[in-house]
Each structure stands twice: as structure tokens, then as C-alpha cells.
Amino acid sequence: MKIRCVNNTGESLRQFEYKSLEKNMMGRFGATGYSEYNQLTLGREYLVMGIIIFETYQGFLVDDDGFISACPCLLFEVIDNKTNFNWHFRLIEKDENIYPFIQAIFGYPELCSDKKSL
């Protein structure tokens with residue numbers, strides 16, 4: 001799956017909040033209106049390594065020259081929606097320390113099967 005960065009600020013995520021927030025308030029994406037996703041370059045295409053379903057939103061695991069980061073999917077547009085045929089899916093169990101913050105994972109087998117990778 002390939003995506004293109006169309007926004008890289010917390011301010012751009014404000015339109016997707018459930019309620020109006022002051023600029024300094026943390027929203028459901030874990031960002032304020034002042035937050036910046038400096039690891040993302042506007043217009044750059046990224047390879048999606050996985051999709052994580054967080055408690056309040058979905059995030060893409062993007063490969064930025066070997067550095068993998070989770071970013072809100074609303075910062076991107078999908079330019080190629082084909083995923084690897086080998087992608088897996090895993091629901092996060094309630095006894096895992098990342099629950100309920102992360103609730104599900106799509107991605108490569110290693111990502112989905114290793115409960116300690118997140």
C-alpha cells in the first residue's frame with residue numbers, strides 16, 4: 001500500500017475532532033493544534049508497513065528510510081490501495097499492556113504475531 005503525505009500538523013487534524021478544542025488542548029489523535037509531524041514530508045510517498053487501530057483513530061505504520069512511525073491516517077491520501085497478499089490481522093487481547101490504547105493490527109506476519117513488538 002502506498003500513501004502520500006497531504007498534511008503534517010496537529011492543526012490539520014482539528015477538523016476531524018469530535019468537538020471543538022482550544023489550540024493547546026490534546027485531541028483524540030494525541031496532538032495539539034501546535035503539534036508537528038516533522039518526520040513527514042508534504043507530498044512525499046510512503047510505503048505502509050501496517051495499520052494500527054487505536055482507541056480513537058486508525059494510524060498507518062510508515063517506512064521513512066528505515067524508521068517506522070505510526071501516524072494518523074488522516075494526514076495522508078491513499079495512492080495505491082493494494083496490500084501485500086501476506087498481510088495478517090490480530091485483535092489485541094484485554095490482558096495485553098497496550099489494550100485498550102491499541103485494539104487491532106493489520107500488517108506483516110511478524111508485526112501481528114509478536115506481542116512484544118508494539
# chains A, B, ... in the order shown; residues from 1 in each chain; ligands from 1
$ residues_around --residues "Ser69 of chain A" --least-positions-apart "5" --cutoff "10 Å" --atoms "only C-alpha atoms" --output "tab-separated table (two decimals) with C-alpha atoms, in the first residue's frame"
chain	number	residue	atom	x	y	z
A	39	GLN	CA	9.24	13.11	10.25
A	40	LEU	CA	6.69	13.52	7.43
A	48	VAL	CA	2.58	1.41	4.55
A	49	MET	CA	4.03	-1.37	6.68
A	59	GLY	CA	-2.83	5.00	12.07
A	60	PHE	CA	-0.52	3.97	9.27
A	61	LEU	CA	2.86	2.47	10.09
A	62	VAL	CA	5.00	4.27	7.53
A	63	ASP	CA	8.52	3.45	6.45
A	64	ASP	CA	10.64	6.59	6.41
$ select_by_dssp --residues "segment 1-68 of chain A" --states "helix (DSSP H, G or I)" --output "MDAnalysis selection string"
chainID A and resid 11:16
$ select_by_dssp --residues "segment 10-114 of chain A" --states "strand (DSSP E)" --output "JSON, numbers by chain"
{"A": [45, 46, 47, 48, 49, 50, 51, 52, 53, 54, 58, 59, 60, 61, 62, 63, 64, 67, 68, 69, 70, 71, 72, 76, 77, 78, 79, 80, 88, 89, 90, 91, 102, 103, 104, 105, 106, 107]}
$ closest_residue --among "A:Leu42, A:Ala104, A:Ile92, A:Leu47" --to "Val78 of chain A" --atoms "only C-alpha atoms"
A:Leu47
$ closest_residue --among "A:Pro72, A:Gly50, A:Gly10, A:Gly66" --to "Leu111 of chain A" --atoms "only C-alpha atoms"
A:Gly50
$ residues_around --residues "Leu74 of chain A" --least-positions-apart "3" --cutoff "9 Å" --atoms "only C-alpha atoms" --output "PyMOL selection string"
chain A and resi 6-7+12-13+16+58-59+71+77
$ closest_residue --among "A:Thr9, A:Met25, A:Phe89, A:Glu96" --to "Ile51 of chain A" --atoms "only C-alpha atoms"
A:Phe89
$ closest_residue --among "A:Phe101, A:Phe85, A:Phe76, A:Tyr34" --to "Tyr57 of chain A" --atoms "only C-alpha atoms"
A:Phe101
$ atom_distance --atom1 "atom CA of Ile3 of chain A" --atom2 "atom CA of Phe54 of chain A"
19.1 Å
$ residues_around --residues "Trp87 of chain A" --least-positions-apart "6" --cutoff "7 Å" --atoms "only C-alpha atoms" --output "MDAnalysis selection string"
chainID A and resid 106:109
$ residues_around --residues "Met26 of chain A" --least-positions-apart "4" --cutoff "12 Å" --atoms "only C-alpha atoms" --output "list in words"
Gly10, Glu11, Leu13, Arg14, Glu17, Lys19, Ser20, Leu21, Glu22, Gly30, Ala31, Thr32, Gly33, Tyr34 and Ser35 of chain A
$ atom_distance --atom1 "atom CA of Asn38 of chain A" --atom2 "atom CA of Ala70 of chain A"
12.7 Å
$ residues_around --residues "Pro100 of chain A" --least-positions-apart "6" --cutoff "12 Å" --atoms "only C-alpha atoms" --output "list in words"
Ile53, Phe54, Glu55, Thr56, Leu91, Ile92, Glu93 and Lys94 of chain A
$ write_last_selection --atoms "all heavy atoms" --output "PDB file, in the first residue's frame"
ATOM      1  N   ILE A  53      -5.179   0.038  14.684  1.00  0.00           N
ATOM      2  CA  ILE A  53      -6.435   0.614  15.120  1.00  0.00           C
ATOM      3  C   ILE A  53      -6.233   1.027  16.577  1.00  0.00           C
ATOM      4  O   ILE A  53      -6.089   0.185  17.460  1.00  0.00           O
ATOM      5  CB  ILE A  53      -7.597  -0.400  15.017  1.00  0.00           C
ATOM      6  CG1 ILE A  53      -7.639  -1.053  13.627  1.00  0.00           C
ATOM      7  CG2 ILE A  53      -8.917   0.276  15.378  1.00  0.00           C
ATOM      8  CD1 ILE A  53      -7.781  -0.123  12.475  1.00  0.00           C
ATOM      9  N   PHE A  54      -6.140   2.323  16.798  1.00  0.00           N
ATOM     10  CA  PHE A  54      -6.001   2.858  18.146  1.00  0.00           C
ATOM     11  C   PHE A  54      -7.380   2.993  18.767  1.00  0.00           C
ATOM     12  O   PHE A  54      -8.398   2.794  18.102  1.00  0.00           O
ATOM     13  CB  PHE A  54      -5.305   4.218  18.111  1.00  0.00           C
ATOM     14  CG  PHE A  54      -3.848   4.148  17.742  1.00  0.00           C
ATOM     15  CD1 PHE A  54      -3.449   4.322  16.429  1.00  0.00           C
ATOM     16  CD2 PHE A  54      -2.883   3.908  18.702  1.00  0.00           C
ATOM     17  CE1 PHE A  54      -2.106   4.272  16.080  1.00  0.00           C
ATOM     18  CE2 PHE A  54      -1.542   3.847  18.366  1.00  0.00           C
ATOM     19  CZ  PHE A  54      -1.158   4.028  17.047  1.00  0.00           C
ATOM     20  N   GLU A  55      -7.421   3.363  20.005  1.00  0.00           N
ATOM     21  CA  GLU A  55      -8.691   3.527  20.710  1.00  0.00           C
ATOM     22  C   GLU A  55      -9.582   4.572  20.027  1.00  0.00           C
ATOM     23  O   GLU A  55     -10.796   4.423  19.982  1.00  0.00           O
ATOM     24  CB  GLU A  55      -8.414   3.931  22.156  1.00  0.00           C
ATOM     25  CG  GLU A  55      -9.630   4.022  23.019  1.00  0.00           C
ATOM     26  CD  GLU A  55      -9.287   4.351  24.458  1.00  0.00           C
ATOM     27  OE1 GLU A  55      -8.226   4.943  24.719  1.00  0.00           O
ATOM     28  OE2 GLU A  55     -10.094   4.023  25.321  1.00  0.00           O
ATOM     29  N   THR A  56      -8.980   5.616  19.461  1.00  0.00           N
ATOM     30  CA  THR A  56      -9.773   6.712  18.913  1.00  0.00           C
ATOM     31  C   THR A  56      -9.538   6.999  17.424  1.00  0.00           C
ATOM     32  O   THR A  56     -10.177   7.896  16.876  1.00  0.00           O
ATOM     33  CB  THR A  56      -9.483   8.012  19.686  1.00  0.00           C
ATOM     34  OG1 THR A  56      -8.086   8.295  19.604  1.00  0.00           O
ATOM     35  CG2 THR A  56      -9.904   7.892  21.137  1.00  0.00           C
ATOM     36  N   LEU A  91      -6.505  -9.051  16.637  1.00  0.00           N
ATOM     37  CA  LEU A  91      -7.168  -8.268  17.671  1.00  0.00           C
ATOM     38  C   LEU A  91      -6.287  -8.273  18.912  1.00  0.00           C
ATOM     39  O   LEU A  91      -5.706  -9.309  19.252  1.00  0.00           O
ATOM     40  CB  LEU A  91      -8.533  -8.865  18.029  1.00  0.00           C
ATOM     41  CG  LEU A  91      -9.665  -8.614  17.050  1.00  0.00           C
ATOM     42  CD1 LEU A  91     -10.900  -9.405  17.465  1.00  0.00           C
ATOM     43  CD2 LEU A  91      -9.993  -7.133  16.958  1.00  0.00           C
ATOM     44  N   ILE A  92      -6.186  -7.147  19.571  1.00  0.00           N
ATOM     45  CA  ILE A  92      -5.407  -7.062  20.809  1.00  0.00           C
ATOM     46  C   ILE A  92      -6.273  -7.585  21.947  1.00  0.00           C
ATOM     47  O   ILE A  92      -7.432  -7.204  22.092  1.00  0.00           O
ATOM     48  CB  ILE A  92      -4.968  -5.602  21.081  1.00  0.00           C
ATOM     49  CG1 ILE A  92      -4.182  -5.069  19.881  1.00  0.00           C
ATOM     50  CG2 ILE A  92      -4.167  -5.503  22.365  1.00  0.00           C
ATOM     51  CD1 ILE A  92      -2.958  -5.857  19.504  1.00  0.00           C
ATOM     52  N   GLU A  93      -5.700  -8.471  22.742  1.00  0.00           N
ATOM     53  CA  GLU A  93      -6.436  -9.071  23.846  1.00  0.00           C
ATOM     54  C   GLU A  93      -6.433  -8.151  25.059  1.00  0.00           C
ATOM     55  O   GLU A  93      -5.506  -7.369  25.268  1.00  0.00           O
ATOM     56  CB  GLU A  93      -5.830 -10.430  24.178  1.00  0.00           C
ATOM     57  CG  GLU A  93      -5.918 -11.398  22.999  1.00  0.00           C
ATOM     58  CD  GLU A  93      -5.154 -12.678  23.225  1.00  0.00           C
ATOM     59  OE1 GLU A  93      -4.745 -12.974  24.371  1.00  0.00           O
ATOM     60  OE2 GLU A  93      -4.951 -13.404  22.239  1.00  0.00           O
ATOM     61  N   LYS A  94      -7.449  -8.263  25.874  1.00  0.00           N
ATOM     62  CA  LYS A  94      -7.604  -7.371  27.025  1.00  0.00           C
ATOM     63  C   LYS A  94      -6.479  -7.503  28.038  1.00  0.00           C
ATOM     64  O   LYS A  94      -6.196  -6.563  28.777  1.00  0.00           O
ATOM     65  CB  LYS A  94      -8.947  -7.611  27.707  1.00  0.00           C
ATOM     66  CG  LYS A  94     -10.107  -7.074  26.910  1.00  0.00           C
ATOM     67  CD  LYS A  94     -11.398  -7.178  27.666  1.00  0.00           C
ATOM     68  CE  LYS A  94     -12.497  -6.535  26.844  1.00  0.00           C
ATOM     69  NZ  LYS A  94     -13.758  -6.491  27.554  1.00  0.00           N
TER      70      LYS A  94
END
$ closest_residue --among "A:Cys73, A:Glu36, A:Lys115, A:Asn24" --to "Ile52 of chain A" --atoms "only C-alpha atoms"
A:Cys73
$ closest_residue --among "A:Tyr18, A:Tyr99, A:Phe67, A:Tyr46" --to "Cys5 of chain A" --atoms "only C-alpha atoms"
A:Tyr46
$ atom_distance --atom1 "atom CA of Ile102 of chain A" --atom2 "atom CA of Thr41 of chain A"
25.5 Å
